[in-house]
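Visitor: Just so it is clear, I am handing over target-v6.txt, which has compact mmCIF, C-alpha atoms.
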# COMPACT_ATOMS: atom_id res chain seq x y z
CA MET A 987 -48.54 -12.37 -20.49
CA LYS A 988 -46.10 -13.38 -17.78
CA PRO A 989 -47.13 -13.95 -14.16
CA ILE A 990 -46.54 -11.02 -11.84
CA VAL A 991 -45.87 -12.37 -8.36
CA THR A 992 -44.36 -11.28 -5.06
CA ALA A 993 -40.63 -11.70 -4.55
CA ASP A 994 -41.23 -14.44 -1.95
CA GLU A 995 -43.40 -16.41 -4.38
CA ALA A 996 -40.91 -15.94 -7.20
CA VAL A 997 -38.06 -17.53 -5.26
CA LYS A 998 -40.03 -20.25 -3.45
CA ASP A 999 -38.85 -23.05 -5.78
CA ILE A 1000 -35.17 -22.15 -5.60
CA ARG A 1001 -33.94 -25.16 -3.67
CA ASP A 1002 -30.65 -25.83 -1.94
CA GLY A 1003 -27.93 -26.62 -4.44
CA CYS A 1004 -29.52 -24.77 -7.39
CA SER A 1005 -27.39 -22.77 -9.79
CA LEU A 1006 -28.22 -19.07 -9.87
CA MET A 1007 -27.00 -16.28 -12.11
CA VAL A 1008 -27.22 -12.77 -10.68
CA ALA A 1009 -26.78 -9.94 -13.18
CA GLY A 1010 -25.02 -6.77 -12.06
CA PHE A 1011 -21.63 -5.15 -11.84
CA MET A 1012 -20.37 -4.01 -8.44
CA GLY A 1013 -24.00 -3.98 -7.33
CA CYS A 1014 -25.11 -1.82 -10.27
CA GLY A 1015 -28.01 -3.73 -11.80
CA ASN A 1016 -28.41 -6.26 -8.97
CA ALA A 1017 -32.00 -7.33 -8.24
CA PHE A 1018 -32.02 -6.20 -4.60
CA THR A 1019 -35.61 -7.23 -3.88
CA LEU A 1020 -35.13 -10.77 -5.20
CA ILE A 1021 -31.82 -11.20 -3.38
CA ASP A 1022 -33.45 -10.15 -0.09
CA ALA A 1023 -36.31 -12.60 -0.68
CA LEU A 1024 -33.86 -15.43 -1.34
CA VAL A 1025 -31.95 -14.61 1.85
CA ARG A 1026 -35.29 -14.70 3.74
CA LYS A 1027 -36.20 -18.04 2.19
CA GLY A 1028 -32.95 -19.51 3.48
CA THR A 1029 -31.77 -21.38 0.36
CA ARG A 1030 -28.24 -22.69 0.85
CA ASP A 1031 -25.42 -24.28 -1.14
CA LEU A 1032 -26.14 -22.16 -4.19
CA ASN A 1033 -23.90 -22.46 -7.19
CA LEU A 1034 -23.63 -18.74 -7.70
CA ILE A 1035 -22.64 -17.26 -11.06
CA THR A 1036 -22.08 -13.51 -11.02
CA SER A 1037 -19.61 -11.03 -12.50
CA ASP A 1038 -18.34 -9.96 -9.07
CA THR A 1039 -19.48 -10.17 -5.46
CA ALA A 1040 -20.12 -6.41 -5.06
CA TYR A 1041 -19.51 -5.24 -1.50
CA PRO A 1042 -20.16 -6.89 1.89
CA GLU A 1043 -23.94 -7.05 2.48
CA VAL A 1044 -24.67 -5.09 -0.72
CA GLY A 1045 -26.67 -6.74 -3.49
CA VAL A 1046 -25.27 -10.12 -4.50
CA GLY A 1047 -22.63 -9.62 -1.79
CA ARG A 1048 -25.35 -10.53 0.73
CA LEU A 1049 -25.56 -14.09 -0.61
CA ILE A 1050 -21.85 -14.48 0.18
CA CYS A 1051 -21.96 -12.83 3.61
CA GLN A 1052 -25.07 -14.81 4.62
CA ASN A 1053 -23.37 -18.11 3.68
CA ARG A 1054 -25.80 -18.98 0.91
CA ALA A 1055 -23.29 -20.08 -1.73
CA ALA A 1056 -21.22 -23.28 -1.89
CA THR A 1057 -19.55 -22.44 -5.18
CA LEU A 1058 -18.92 -19.21 -7.00
CA ILE A 1059 -18.02 -18.52 -10.61
CA ALA A 1060 -17.02 -14.85 -10.97
CA SER A 1061 -14.41 -12.61 -12.56
CA HIS A 1062 -13.61 -10.40 -9.57
CA ILE A 1063 -14.08 -10.74 -5.82
CA GLY A 1064 -11.69 -8.04 -4.61
CA THR A 1065 -14.31 -5.51 -3.49
CA ASN A 1066 -15.94 -7.97 -1.09
CA PRO A 1067 -13.27 -9.25 1.32
CA VAL A 1068 -15.71 -11.83 2.74
CA SER A 1069 -15.53 -13.76 -0.57
CA GLY A 1070 -11.74 -14.00 -0.28
CA GLN A 1071 -11.94 -15.07 3.37
CA LYS A 1072 -14.41 -17.85 2.57
CA MET A 1073 -12.33 -18.92 -0.41
CA ASN A 1074 -9.20 -19.16 1.76
CA SER A 1075 -11.00 -21.06 4.53
CA GLY A 1076 -12.40 -23.54 2.01
CA GLU A 1077 -16.03 -22.64 2.75
CA LEU A 1078 -16.55 -21.31 -0.76
CA LYS A 1079 -15.17 -22.95 -3.89
CA VAL A 1080 -14.28 -20.11 -6.23
CA THR A 1081 -13.58 -20.28 -9.96
CA LEU A 1082 -12.26 -17.03 -11.38
CA VAL A 1083 -12.98 -16.41 -15.05
CA PRO A 1084 -11.84 -13.48 -17.22
CA GLN A 1085 -14.80 -11.14 -17.51
CA GLY A 1086 -15.13 -11.26 -21.28
CA THR A 1087 -14.86 -15.05 -21.25
CA PHE A 1088 -17.49 -15.14 -18.50
CA ALA A 1089 -19.91 -13.13 -20.67
CA GLU A 1090 -19.26 -15.21 -23.79
CA ARG A 1091 -19.54 -18.57 -22.03
CA ILE A 1092 -22.98 -17.53 -20.83
CA ARG A 1093 -23.94 -16.07 -24.20
CA SER A 1094 -22.86 -19.25 -25.98
CA LYS A 1095 -25.15 -21.29 -23.74
CA GLY A 1096 -28.09 -19.01 -24.47
CA ALA A 1097 -27.28 -18.88 -28.16
CA GLY A 1098 -27.06 -22.64 -28.63
CA LEU A 1099 -23.34 -22.70 -29.35
CA GLY A 1100 -20.85 -25.32 -28.22
CA GLY A 1101 -18.65 -22.72 -26.55
CA VAL A 1102 -16.33 -19.97 -27.71
CA LEU A 1103 -12.75 -19.76 -28.93
CA THR A 1104 -10.93 -16.91 -27.23
CA PRO A 1105 -7.35 -15.67 -27.15
CA THR A 1106 -7.89 -14.40 -23.59
CA GLY A 1107 -5.92 -16.36 -21.01
CA ARG A 1108 -3.41 -17.99 -23.36
CA GLY A 1109 -0.20 -18.77 -21.49
CA THR A 1110 -1.82 -18.10 -18.11
CA ALA A 1111 -3.35 -20.25 -15.36
CA VAL A 1112 -6.69 -19.86 -17.17
CA GLU A 1113 -5.64 -22.24 -19.97
CA GLU A 1114 -5.00 -25.18 -17.62
CA GLY A 1115 -7.01 -28.23 -18.65
CA LYS A 1116 -8.51 -26.53 -21.68
CA GLN A 1117 -8.39 -27.57 -25.29
CA LYS A 1118 -6.41 -25.27 -27.59
CA LEU A 1119 -7.20 -24.80 -31.25
CA GLU A 1120 -5.27 -23.03 -33.94
CA ILE A 1121 -7.48 -21.09 -36.32
CA ASP A 1122 -5.86 -19.29 -39.26
CA GLY A 1123 -2.50 -19.30 -37.51
CA ARG A 1124 -3.68 -17.96 -34.18
CA GLU A 1125 -4.13 -20.00 -31.01
CA TYR A 1126 -7.37 -19.95 -29.04
CA LEU A 1127 -8.72 -21.56 -25.88
CA LEU A 1128 -11.99 -23.46 -26.08
CA GLU A 1129 -14.27 -22.13 -23.36
CA LYS A 1130 -17.43 -24.12 -22.73
CA PRO A 1131 -21.01 -22.84 -22.39
CA LEU A 1132 -22.26 -21.83 -18.95
CA GLY A 1133 -25.93 -22.01 -17.99
CA ALA A 1134 -27.96 -21.98 -14.77
CA ASP A 1135 -31.26 -23.07 -13.26
CA TYR A 1136 -32.23 -19.49 -12.41
CA ALA A 1137 -31.26 -15.93 -13.26
CA PHE A 1138 -32.09 -12.72 -11.38
CA ILE A 1139 -32.40 -9.75 -13.71
CA LYS A 1140 -33.16 -6.16 -12.76
CA ALA A 1141 -34.95 -3.73 -15.10
CA GLU A 1142 -36.13 -0.19 -14.74
CA MET A 1143 -39.25 -0.88 -16.76
CA ALA A 1144 -40.95 -4.01 -18.04
CA ASP A 1145 -44.23 -4.73 -19.78
CA ARG A 1146 -46.43 -7.67 -18.87
CA TYR A 1147 -44.88 -9.79 -21.63
CA GLY A 1148 -41.58 -9.45 -19.81
CA ASN A 1149 -40.00 -7.12 -22.36
CA ALA A 1150 -37.51 -5.17 -20.29
CA TRP A 1151 -35.68 -1.88 -20.50
CA LEU A 1152 -32.35 -1.74 -18.69
CA PRO A 1153 -30.96 1.78 -18.90
CA ALA A 1154 -27.39 3.05 -18.79
CA ALA A 1155 -24.75 0.78 -17.31
CA THR A 1156 -27.26 -1.61 -15.69
CA LYS A 1157 -27.33 -3.87 -18.76
CA ASN A 1158 -23.96 -5.50 -18.08
CA MET A 1159 -24.40 -9.28 -17.70
CA ALA A 1160 -28.23 -9.22 -17.73
CA VAL A 1161 -28.64 -9.66 -21.48
CA VAL A 1162 -26.57 -12.84 -21.72
CA MET A 1163 -27.83 -14.28 -18.42
CA ALA A 1164 -31.45 -13.84 -19.50
CA MET A 1165 -30.70 -16.13 -22.46
CA ALA A 1166 -28.83 -18.80 -20.50
CA ALA A 1167 -30.99 -19.67 -17.48
CA ASP A 1168 -33.93 -22.09 -17.39
CA HIS A 1169 -35.98 -19.73 -15.22
CA VAL A 1170 -35.50 -15.98 -15.50
CA ILE A 1171 -36.98 -13.88 -12.72
CA LEU A 1172 -37.25 -10.25 -13.71
CA GLU A 1173 -37.41 -7.55 -11.05
CA ALA A 1174 -38.78 -4.31 -12.48
CA GLU A 1175 -39.15 -0.90 -10.88
CA LYS A 1176 -42.12 -0.16 -13.09
CA ILE A 1177 -44.46 -2.68 -14.74
CA VAL A 1178 -46.54 -1.37 -17.65
CA GLU A 1179 -49.17 -2.69 -20.04
CA PRO A 1180 -48.14 -4.09 -23.45
CA GLY A 1181 -47.69 -1.19 -25.87
CA GLU A 1182 -46.48 1.24 -23.23
CA LEU A 1183 -42.86 0.18 -23.60
CA ASP A 1184 -41.50 1.18 -27.01
CA PRO A 1185 -40.34 -2.06 -28.73
CA ASP A 1186 -37.27 -0.13 -29.87
CA ARG A 1187 -36.33 0.42 -26.26
CA VAL A 1188 -36.39 -3.25 -25.26
CA THR A 1189 -33.01 -4.42 -23.93
CA ILE A 1190 -34.16 -7.98 -23.17
CA PRO A 1191 -37.02 -9.55 -25.17
CA GLY A 1192 -39.82 -10.90 -22.97
CA ILE A 1193 -39.54 -14.39 -24.46
CA PHE A 1194 -36.67 -15.10 -22.07
CA VAL A 1195 -38.55 -14.04 -18.94
CA SER A 1196 -40.46 -16.53 -16.74
CA THR A 1197 -41.80 -14.36 -13.91
CA ILE A 1198 -42.02 -10.65 -13.11
CA VAL A 1199 -41.67 -9.11 -9.66
CA LYS A 1200 -42.23 -5.48 -8.73
CA SER A 1201 -39.14 -3.95 -7.17
CA GLU A 1202 -39.62 -2.99 -3.53
CA LEU A 1203 -36.19 -1.56 -2.89
CA PRO A 1204 -34.81 1.49 -4.68
CA ALA A 1205 -31.60 1.07 -6.62
CA ALA A 1206 -29.20 1.51 -3.74
CA ASN A 1207 -26.83 4.40 -3.57
CA LEU A 1208 -23.86 2.09 -3.84
CA GLN A 1209 -21.33 4.69 -2.85
CA GLN A 1210 -23.06 5.21 0.51
CA LYS A 1211 -23.37 1.50 1.14
CA ALA A 1212 -19.90 0.61 0.00
CA MET B 6 2.24 18.16 -4.18
CA ASP B 7 4.95 15.90 -2.76
CA LEU B 8 7.79 14.49 -4.85
CA LYS B 9 6.15 11.11 -5.30
CA GLU B 10 2.98 12.75 -6.59
CA LEU B 11 5.00 14.99 -8.93
CA LYS B 12 6.73 11.96 -10.39
CA ARG B 13 3.39 10.22 -10.90
CA VAL B 14 1.93 13.24 -12.66
CA ARG B 15 4.98 13.39 -14.92
CA LEU B 16 4.57 9.79 -15.96
CA VAL B 17 0.82 9.96 -16.58
CA LYS B 18 1.35 13.18 -18.59
CA ARG B 19 3.88 11.34 -20.72
CA ILE B 20 1.45 8.49 -21.36
CA ALA B 21 -1.31 10.95 -22.26
CA GLN B 22 0.84 12.22 -25.15
CA GLU B 23 0.79 8.78 -26.78
CA PHE B 24 -2.86 8.91 -27.81
CA PRO B 25 -3.77 10.34 -31.21
CA ASP B 26 -6.91 12.44 -31.50
CA GLY B 27 -10.02 10.27 -31.41
CA ALA B 28 -8.38 7.21 -29.85
CA LEU B 29 -10.54 4.76 -27.87
CA VAL B 30 -8.79 4.19 -24.55
CA ASN B 31 -9.45 1.99 -21.52
CA LEU B 32 -7.79 3.09 -18.28
CA GLY B 33 -7.24 0.79 -15.31
CA ILE B 34 -7.95 1.76 -11.73
CA GLY B 35 -5.50 3.91 -9.75
CA MET B 36 -2.62 5.69 -11.46
CA PRO B 37 -3.87 4.82 -14.99
CA THR B 38 -7.12 6.68 -14.27
CA MET B 39 -5.09 9.89 -13.76
CA VAL B 40 -4.04 9.81 -17.43
CA ALA B 41 -7.47 11.17 -18.43
CA ASN B 42 -6.71 14.48 -16.68
CA HIS B 43 -3.65 15.18 -18.83
CA ILE B 44 -4.75 14.79 -22.45
CA PRO B 45 -2.89 17.46 -24.51
CA GLU B 46 -4.96 20.44 -25.56
CA GLY B 47 -6.64 20.11 -28.94
CA ARG B 48 -6.93 16.34 -28.70
CA THR B 49 -9.98 14.38 -27.65
CA ILE B 50 -10.00 10.75 -26.68
CA LEU B 51 -12.95 8.51 -25.97
CA LEU B 52 -12.78 6.44 -22.79
CA HIS B 53 -14.18 2.92 -22.67
CA SER B 54 -15.63 1.59 -19.40
CA GLU B 55 -15.70 -2.19 -19.55
CA ASN B 56 -18.88 -2.50 -17.52
CA GLY B 57 -20.72 -1.12 -20.52
CA PHE B 58 -20.14 2.23 -22.16
CA THR B 59 -17.96 4.50 -24.24
CA GLY B 60 -17.70 8.14 -23.26
CA LEU B 61 -16.72 7.70 -19.62
CA GLY B 62 -16.71 11.11 -17.97
CA PRO B 63 -15.49 12.47 -14.63
CA ALA B 64 -16.73 11.24 -11.25
CA ALA B 65 -20.30 12.28 -10.45
CA GLN B 66 -20.71 15.32 -8.23
CA ARG B 67 -21.80 14.64 -4.68
CA GLY B 68 -25.58 14.58 -4.53
CA LYS B 69 -25.85 14.06 -8.29
CA GLU B 70 -24.85 10.39 -8.39
CA ASP B 71 -26.94 8.14 -10.63
CA PRO B 72 -26.77 4.55 -9.33
CA ARG B 73 -27.21 3.32 -12.91
CA VAL B 74 -23.99 4.97 -14.07
CA VAL B 75 -20.86 3.57 -12.45
CA ASN B 76 -17.34 2.87 -13.68
CA ALA B 77 -15.54 -0.47 -13.66
CA GLY B 78 -14.58 0.18 -10.03
CA GLY B 79 -18.24 0.68 -9.06
CA GLN B 80 -17.85 4.44 -8.41
CA PRO B 81 -20.62 6.79 -9.58
CA VAL B 82 -19.41 8.55 -12.72
CA THR B 83 -20.80 10.50 -15.66
CA ILE B 84 -21.11 9.87 -19.38
CA VAL B 85 -20.01 12.59 -21.81
CA PRO B 86 -22.06 13.83 -24.79
CA GLY B 87 -21.47 11.33 -27.58
CA GLY B 88 -21.26 8.35 -25.23
CA ALA B 89 -22.99 5.02 -25.79
CA TYR B 90 -24.19 2.27 -23.45
CA PHE B 91 -24.10 -1.47 -24.18
CA ASP B 92 -24.07 -4.82 -22.42
CA SER B 93 -21.01 -6.82 -21.28
CA SER B 94 -20.92 -9.06 -24.34
CA MET B 95 -20.66 -6.01 -26.62
CA SER B 96 -18.22 -4.35 -24.25
CA PHE B 97 -15.84 -7.28 -24.37
CA ALA B 98 -16.34 -7.71 -28.11
CA ILE B 99 -15.03 -4.15 -28.35
CA ILE B 100 -12.07 -5.12 -26.16
CA ARG B 101 -11.25 -8.55 -27.56
CA GLY B 102 -12.00 -7.59 -31.13
CA GLY B 103 -9.17 -5.07 -31.20
CA HIS B 104 -11.40 -1.99 -31.24
CA VAL B 105 -9.77 -0.46 -28.15
CA ASP B 106 -6.71 1.46 -29.35
CA TYR B 107 -4.92 1.70 -26.00
CA THR B 108 -5.23 0.20 -22.58
CA VAL B 109 -3.25 1.54 -19.63
CA LEU B 110 -2.81 -0.73 -16.61
CA GLY B 111 -0.67 -1.08 -13.53
CA ALA B 112 1.68 -4.02 -13.02
CA LEU B 113 3.20 -6.10 -10.25
CA GLU B 114 5.84 -7.38 -12.67
CA VAL B 115 6.57 -7.03 -16.36
CA ASP B 116 9.37 -8.71 -18.27
CA MET B 117 11.63 -8.32 -21.31
CA GLU B 118 9.32 -10.46 -23.46
CA GLY B 119 6.34 -8.24 -22.78
CA ASN B 120 4.79 -10.67 -20.31
CA LEU B 121 2.65 -9.09 -17.62
CA ALA B 122 1.74 -10.13 -14.07
CA ASN B 123 -0.78 -7.80 -12.49
CA TYR B 124 -3.72 -9.74 -11.09
CA MET B 125 -2.65 -11.94 -8.21
CA ILE B 126 -0.07 -12.83 -5.57
CA PRO B 127 -0.68 -16.47 -4.62
CA GLY B 128 -1.68 -16.79 -0.99
CA LYS B 129 -1.85 -13.02 -0.48
CA MET B 130 -3.91 -11.17 -3.05
CA VAL B 131 -6.40 -13.14 -5.15
CA PRO B 132 -9.06 -10.63 -6.23
CA GLY B 133 -9.63 -12.14 -9.69
CA MET B 134 -8.59 -10.84 -13.07
CA GLY B 135 -11.79 -8.94 -13.81
CA GLY B 136 -11.42 -7.59 -17.34
CA ALA B 137 -7.63 -7.31 -17.28
CA MET B 138 -6.85 -10.50 -19.22
CA ASP B 139 -9.27 -9.58 -22.01
CA LEU B 140 -7.96 -6.02 -22.15
CA VAL B 141 -4.32 -7.03 -22.38
CA ALA B 142 -5.03 -9.76 -24.93
CA GLY B 143 -7.34 -7.60 -27.04
CA ALA B 144 -6.29 -3.94 -27.01
CA LYS B 145 -4.15 -2.79 -29.93
CA ASN B 146 -1.58 -1.15 -27.63
CA VAL B 147 -0.87 -2.12 -24.03
CA ILE B 148 0.83 0.51 -21.88
CA ILE B 149 2.00 -0.22 -18.35
CA ALA B 150 1.98 2.68 -15.88
CA MET B 151 3.81 1.90 -12.66
CA GLU B 152 6.53 2.79 -10.18
CA HIS B 153 9.86 1.52 -11.50
CA VAL B 154 10.63 -0.48 -8.33
CA ASN B 155 8.42 -2.07 -5.68
CA LYS B 156 7.90 -0.95 -2.08
CA ASN B 157 11.12 -2.69 -1.04
CA GLY B 158 13.09 -1.01 -3.79
CA ALA B 159 13.38 -4.20 -5.87
CA PRO B 160 13.01 -4.05 -9.68
CA LYS B 161 9.59 -4.76 -11.20
CA ILE B 162 10.95 -4.96 -14.76
CA LEU B 163 12.38 -8.46 -14.82
CA LYS B 164 14.05 -10.91 -17.19
CA LYS B 165 11.15 -13.25 -16.51
CA CYS B 166 8.00 -12.67 -14.46
CA THR B 167 7.74 -14.83 -11.33
CA LEU B 168 4.06 -14.17 -10.46
CA PRO B 169 1.10 -15.73 -12.34
CA LEU B 170 0.79 -14.10 -15.74
CA THR B 171 -2.07 -11.93 -16.92
CA ALA B 172 -0.97 -12.31 -20.54
CA VAL B 173 1.99 -13.44 -22.61
CA GLY B 174 3.93 -11.08 -24.85
CA GLU B 175 1.27 -8.37 -25.06
CA VAL B 176 2.95 -5.35 -23.42
CA ASP B 177 4.08 -2.62 -25.83
CA LEU B 178 5.25 0.20 -23.57
CA ILE B 179 6.36 0.51 -19.95
CA VAL B 180 6.24 4.01 -18.49
CA THR B 181 7.51 4.53 -14.95
CA ASP B 182 8.59 7.37 -12.67
CA MET B 183 12.10 6.82 -14.10
CA ALA B 184 11.83 5.68 -17.69
CA PHE B 185 9.93 5.24 -20.94
CA ILE B 186 10.70 1.75 -22.26
CA ARG B 187 9.48 0.10 -25.46
CA VAL B 188 9.12 -3.67 -25.68
CA THR B 189 10.57 -4.87 -28.99
CA LYS B 190 11.46 -8.24 -30.52
CA LYS B 191 15.10 -7.50 -29.64
CA GLY B 192 14.23 -6.78 -26.01
CA LEU B 193 13.59 -3.65 -23.99
CA VAL B 194 14.62 -0.31 -25.46
CA LEU B 195 15.12 2.63 -23.12
CA GLU B 196 13.84 5.52 -25.25
CA GLU B 197 13.44 8.26 -22.65
CA ILE B 198 14.44 8.95 -19.06
CA ALA B 199 12.65 11.12 -16.53
CA GLU B 200 14.20 14.50 -15.79
CA GLY B 201 16.83 14.27 -13.06
CA VAL B 202 17.35 10.54 -13.58
CA THR B 203 20.48 9.02 -15.16
CA VAL B 204 20.72 6.03 -17.49
CA GLU B 205 22.89 4.28 -14.89
CA GLU B 206 20.18 4.70 -12.25
CA VAL B 207 17.56 3.23 -14.59
CA VAL B 208 19.78 0.29 -15.51
CA LYS B 209 20.48 -0.38 -11.83
CA ALA B 210 16.77 -0.33 -10.99
CA THR B 211 15.92 -2.72 -13.84
CA GLU B 212 16.64 -6.45 -13.74
CA ALA B 213 16.11 -7.00 -17.47
CA PRO B 214 18.83 -5.83 -19.87
CA LEU B 215 18.09 -2.48 -21.53
CA HIS B 216 19.15 -1.30 -24.97
CA VAL B 217 19.64 2.45 -24.78
CA ALA B 218 18.17 4.25 -27.79
CA GLY B 219 20.65 6.19 -29.94
CA LYS B 220 18.66 9.36 -29.43
CA LEU B 221 17.69 9.30 -25.78
CA GLY B 222 14.86 11.67 -24.86
CA THR B 223 13.74 13.05 -21.53
CA PHE B 224 10.26 13.60 -20.10
Represent the structure of the file as structure tokens.
Guide:
Amino acid sequence: MKPIVTADEAVKDIRDGCSLMVAGFMGCGNAFTLIDALVRKGTRDLNLITSDTAYPEVGVGRLICQNRAATLIASHIGTNPVSGQKMNSGELKVTLVPQGTFAERIRSKGAGLGGVLTPTGRGTAVEEGKQKLEIDGREYLLEKPLGADYAFIKAEMADRYGNAWLPAATKNMAVVMAMAADHVILEAEKIVEPGELDPDRVTIPGIFVSTIVKSELPAANLQQKA
Amino acid sequence: MDLKELKRVRLVKRIAQEFPDGALVNLGIGMPTMVANHIPEGRTILLHSENGFTGLGPAAQRGKEDPRVVNAGGQPVTIVPGGAYFDSSMSFAIIRGGHVDYTVLGALEVDMEGNLANYMIPGKMVPGMGGAMDLVAGAKNVIIAMEHVNKNGAPKILKKCTLPLTAVGEVDLIVTDMAFIRVTKKGLVLEEIAEGVTVEEVVKATEAPLHVAGKLGTF
């Protein structure tokens, strides 16, 4: 069984300068309760790894707007203008990664691989400084594994072993991030006893999860907030 | 509908005719999204949403939004019967692995070698490439949907792209408000022109040289 704690307890060890993965896509699947707790705690200089920075003050976008990140690895920041402003002013060091490469770099870390060979980015700025390999006559870029100290994952339902169900389009980056972080904090809207969640319905096996937190905020209506 | 809108509808209608029945298609944001509304009768295509599903349906009705179902732009949408959800790794395996038959995207610039620039203007617009680089590198067919010239009236179809590239040599078709152009090893072939447009006008609005097809069509 995994410990079920409050959001404030779950984030209390996340120190300044830690690396943090936040699952979600334009806010969909962000762990809103955990993000709020981290903002309250006041951790700074995060090395933030997230698909995108959502919208200003929405979900993971809050960590940007509240000046909590020193570096950002993401694939898209266009929907949160604050990210671009901080990048231009030098406050935030941003590395932009193609979204599929982003997912596979994280997956390769979690899967114990030495990286991935991808055709994405050949001949573009993305290939700068990267090793190229020719495999069966086709050229690929070597993209290295990407891990983190912590990951925030959001589930609709989890059992006390941490097995989690992420419905619909909320899965996005959560599956690979859960494999690639040293400490995975799972926020769940509903926490059930073992046996109540059909093993066939498990999106993320509980073995990856360190701590479980009950969600206190409803999945935001992103359209209204955006 | 104003003239500009009419021209846009004409070009997205033309693109919609390219898809065979059952094709898996990924549409970019903006004009490419409009293609879905003009699929010829009797044909069904399956739309891929790179944030994690096939079977992308229309926007959700007001009051019926499900925050768990959004498109790649973050807007609340629906999933059609026969759709399937998956995570990002699977979604991009579908893209990169060549399982997406067509992708339709906008462009800032495209050139005679099929190079595409559509994700940044240094110092001005740096939103990140999102899934665009994977889509262009991985989809079987890459179709560009765009206005033929930019806001200042300058050509967007160039001999060589000047902006940072999204991908090298991946574009197959360029469809604009003026022309339907195929990218071939020999260069750009003007296959069709929009109604009311002349070949001379297209040539003048295009920086790259155009080979005019023997049998020139209109759309």
Visitor: Smallest atom-to-atom distance to chain A: which of B:Val217, B:Ala98, B:Met183, B:Ala150, using all atoms listed in the file?
Guide: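 Smallest separation from chain A among the options: B:Ala98.
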Visitor: For chain A, list the residues within 7 Å of chain B, counting only C-alpha atoms, and write the list as a PyMOL selection string.
Guide: chain A and resi 1011-1012+1014+1061-1064+1082+1084-1086+1089-1090+1105-1110+1154-1159+1161+1205-1209
Visitor: What is the distance between CA of Asn146 (chain B) and CA of Leu178 (chain B), in Å to one decimal?
Guide: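 Computing the Euclidean distance for CA of Asn146 (chain B) and CA of Leu178 (chain B) yields 8.1 Å.
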Visitor: Quick check, in Å to one decimal: how far apart do CA of Lys165 (chain B) and CA of Glu1114 (chain A) lie?
Guide: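 Result for CA of Lys165 (chain B) versus CA of Glu1114 (chain A): 20.1 Å, one decimal.
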Visitor: Ala1150 (chain A): which residues within 8 Å, counting only C-alpha atoms, same-chain residues fewer than 4 positions away excluded, as a short mmCIF file (atom, residue, chain, number, x, y, z; two decimals) with C-alpha atoms, keeping the file's coordinate frame?
Guide:
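Printed below is selection08.cif as written:
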data_model
loop_
_atom_site.label_atom_id
_atom_site.label_comp_id
_atom_site.auth_asym_id
_atom_site.auth_seq_id
_atom_site.Cartn_x
_atom_site.Cartn_y
_atom_site.Cartn_z
CA ALA A 1141 -34.95 -3.73 -15.10
CA GLU A 1142 -36.13 -0.19 -14.74
CA MET A 1143 -39.25 -0.88 -16.76
CA ALA A 1144 -40.95 -4.01 -18.04
CA ASP A 1145 -44.23 -4.73 -19.78
CA ALA A 1174 -38.78 -4.31 -12.48
CA VAL A 1188 -36.39 -3.25 -25.26
CA THR A 1189 -33.01 -4.42 -23.93
CA ILE A 1190 -34.16 -7.98 -23.17
CA PRO A 1191 -37.02 -9.55 -25.17
CA GLY A 1192 -39.82 -10.90 -22.97
#
Visitor: Do you know which residues are at most 12 Å from Leu1127 (chain A) counting only C-alpha atoms, after dropping those on the same chain fewer than 3 positions away, and could you put them as a VMD selection string?
Guide: chain A and resid 1087 1091 1101 to 1121 1124 1130
Visitor: Take the residues just selected and output them with C-alpha atoms as a PDB file, in the frame of the given file.
Guide:
ATOM      1  CA  THR A1087     -14.860 -15.050 -21.250  1.00  0.00           C
ATOM      2  CA  ARG A1091     -19.540 -18.570 -22.030  1.00  0.00           C
ATOM      3  CA  GLY A1101     -18.650 -22.720 -26.550  1.00  0.00           C
ATOM      4  CA  VAL A1102     -16.330 -19.970 -27.710  1.00  0.00           C
ATOM      5  CA  LEU A1103     -12.750 -19.760 -28.930  1.00  0.00           C
ATOM      6  CA  THR A1104     -10.930 -16.910 -27.230  1.00  0.00           C
ATOM      7  CA  PRO A1105      -7.350 -15.670 -27.150  1.00  0.00           C
ATOM      8  CA  THR A1106      -7.890 -14.400 -23.590  1.00  0.00           C
ATOM      9  CA  GLY A1107      -5.920 -16.360 -21.010  1.00  0.00           C
ATOM     10  CA  ARG A1108      -3.410 -17.990 -23.360  1.00  0.00           C
ATOM     11  CA  GLY A1109      -0.200 -18.770 -21.490  1.00  0.00           C
ATOM     12  CA  THR A1110      -1.820 -18.100 -18.110  1.00  0.00           C
ATOM     13  CA  ALA A1111      -3.350 -20.250 -15.360  1.00  0.00           C
ATOM     14  CA  VAL A1112      -6.690 -19.860 -17.170  1.00  0.00           C
ATOM     15  CA  GLU A1113      -5.640 -22.240 -19.970  1.00  0.00           C
ATOM     16  CA  GLU A1114      -5.000 -25.180 -17.620  1.00  0.00           C
ATOM     17  CA  GLY A1115      -7.010 -28.230 -18.650  1.00  0.00           C
ATOM     18  CA  LYS A1116      -8.510 -26.530 -21.680  1.00  0.00           C
ATOM     19  CA  GLN A1117      -8.390 -27.570 -25.290  1.00  0.00           C
ATOM     20  CA  LYS A1118      -6.410 -25.270 -27.590  1.00  0.00           C
ATOM     21  CA  LEU A1119      -7.200 -24.800 -31.250  1.00  0.00           C
ATOM     22  CA  GLU A1120      -5.270 -23.030 -33.940  1.00  0.00           C
ATOM     23  CA  ILE A1121      -7.480 -21.090 -36.320  1.00  0.00           C
ATOM     24  CA  ARG A1124      -3.680 -17.960 -34.180  1.00  0.00           C
ATOM     25  CA  LYS A1130     -17.430 -24.120 -22.730  1.00  0.00           C
TER      26      LYS A1130
END
Visitor: Could you please determine the separation between CA of Arg15 (chain B) and CA of Val180 (chain B) in Å, to one decimal place?
Guide: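 About the pair CA of Arg15 (chain B) and CA of Val180 (chain B): they are 10.1 Å apart.
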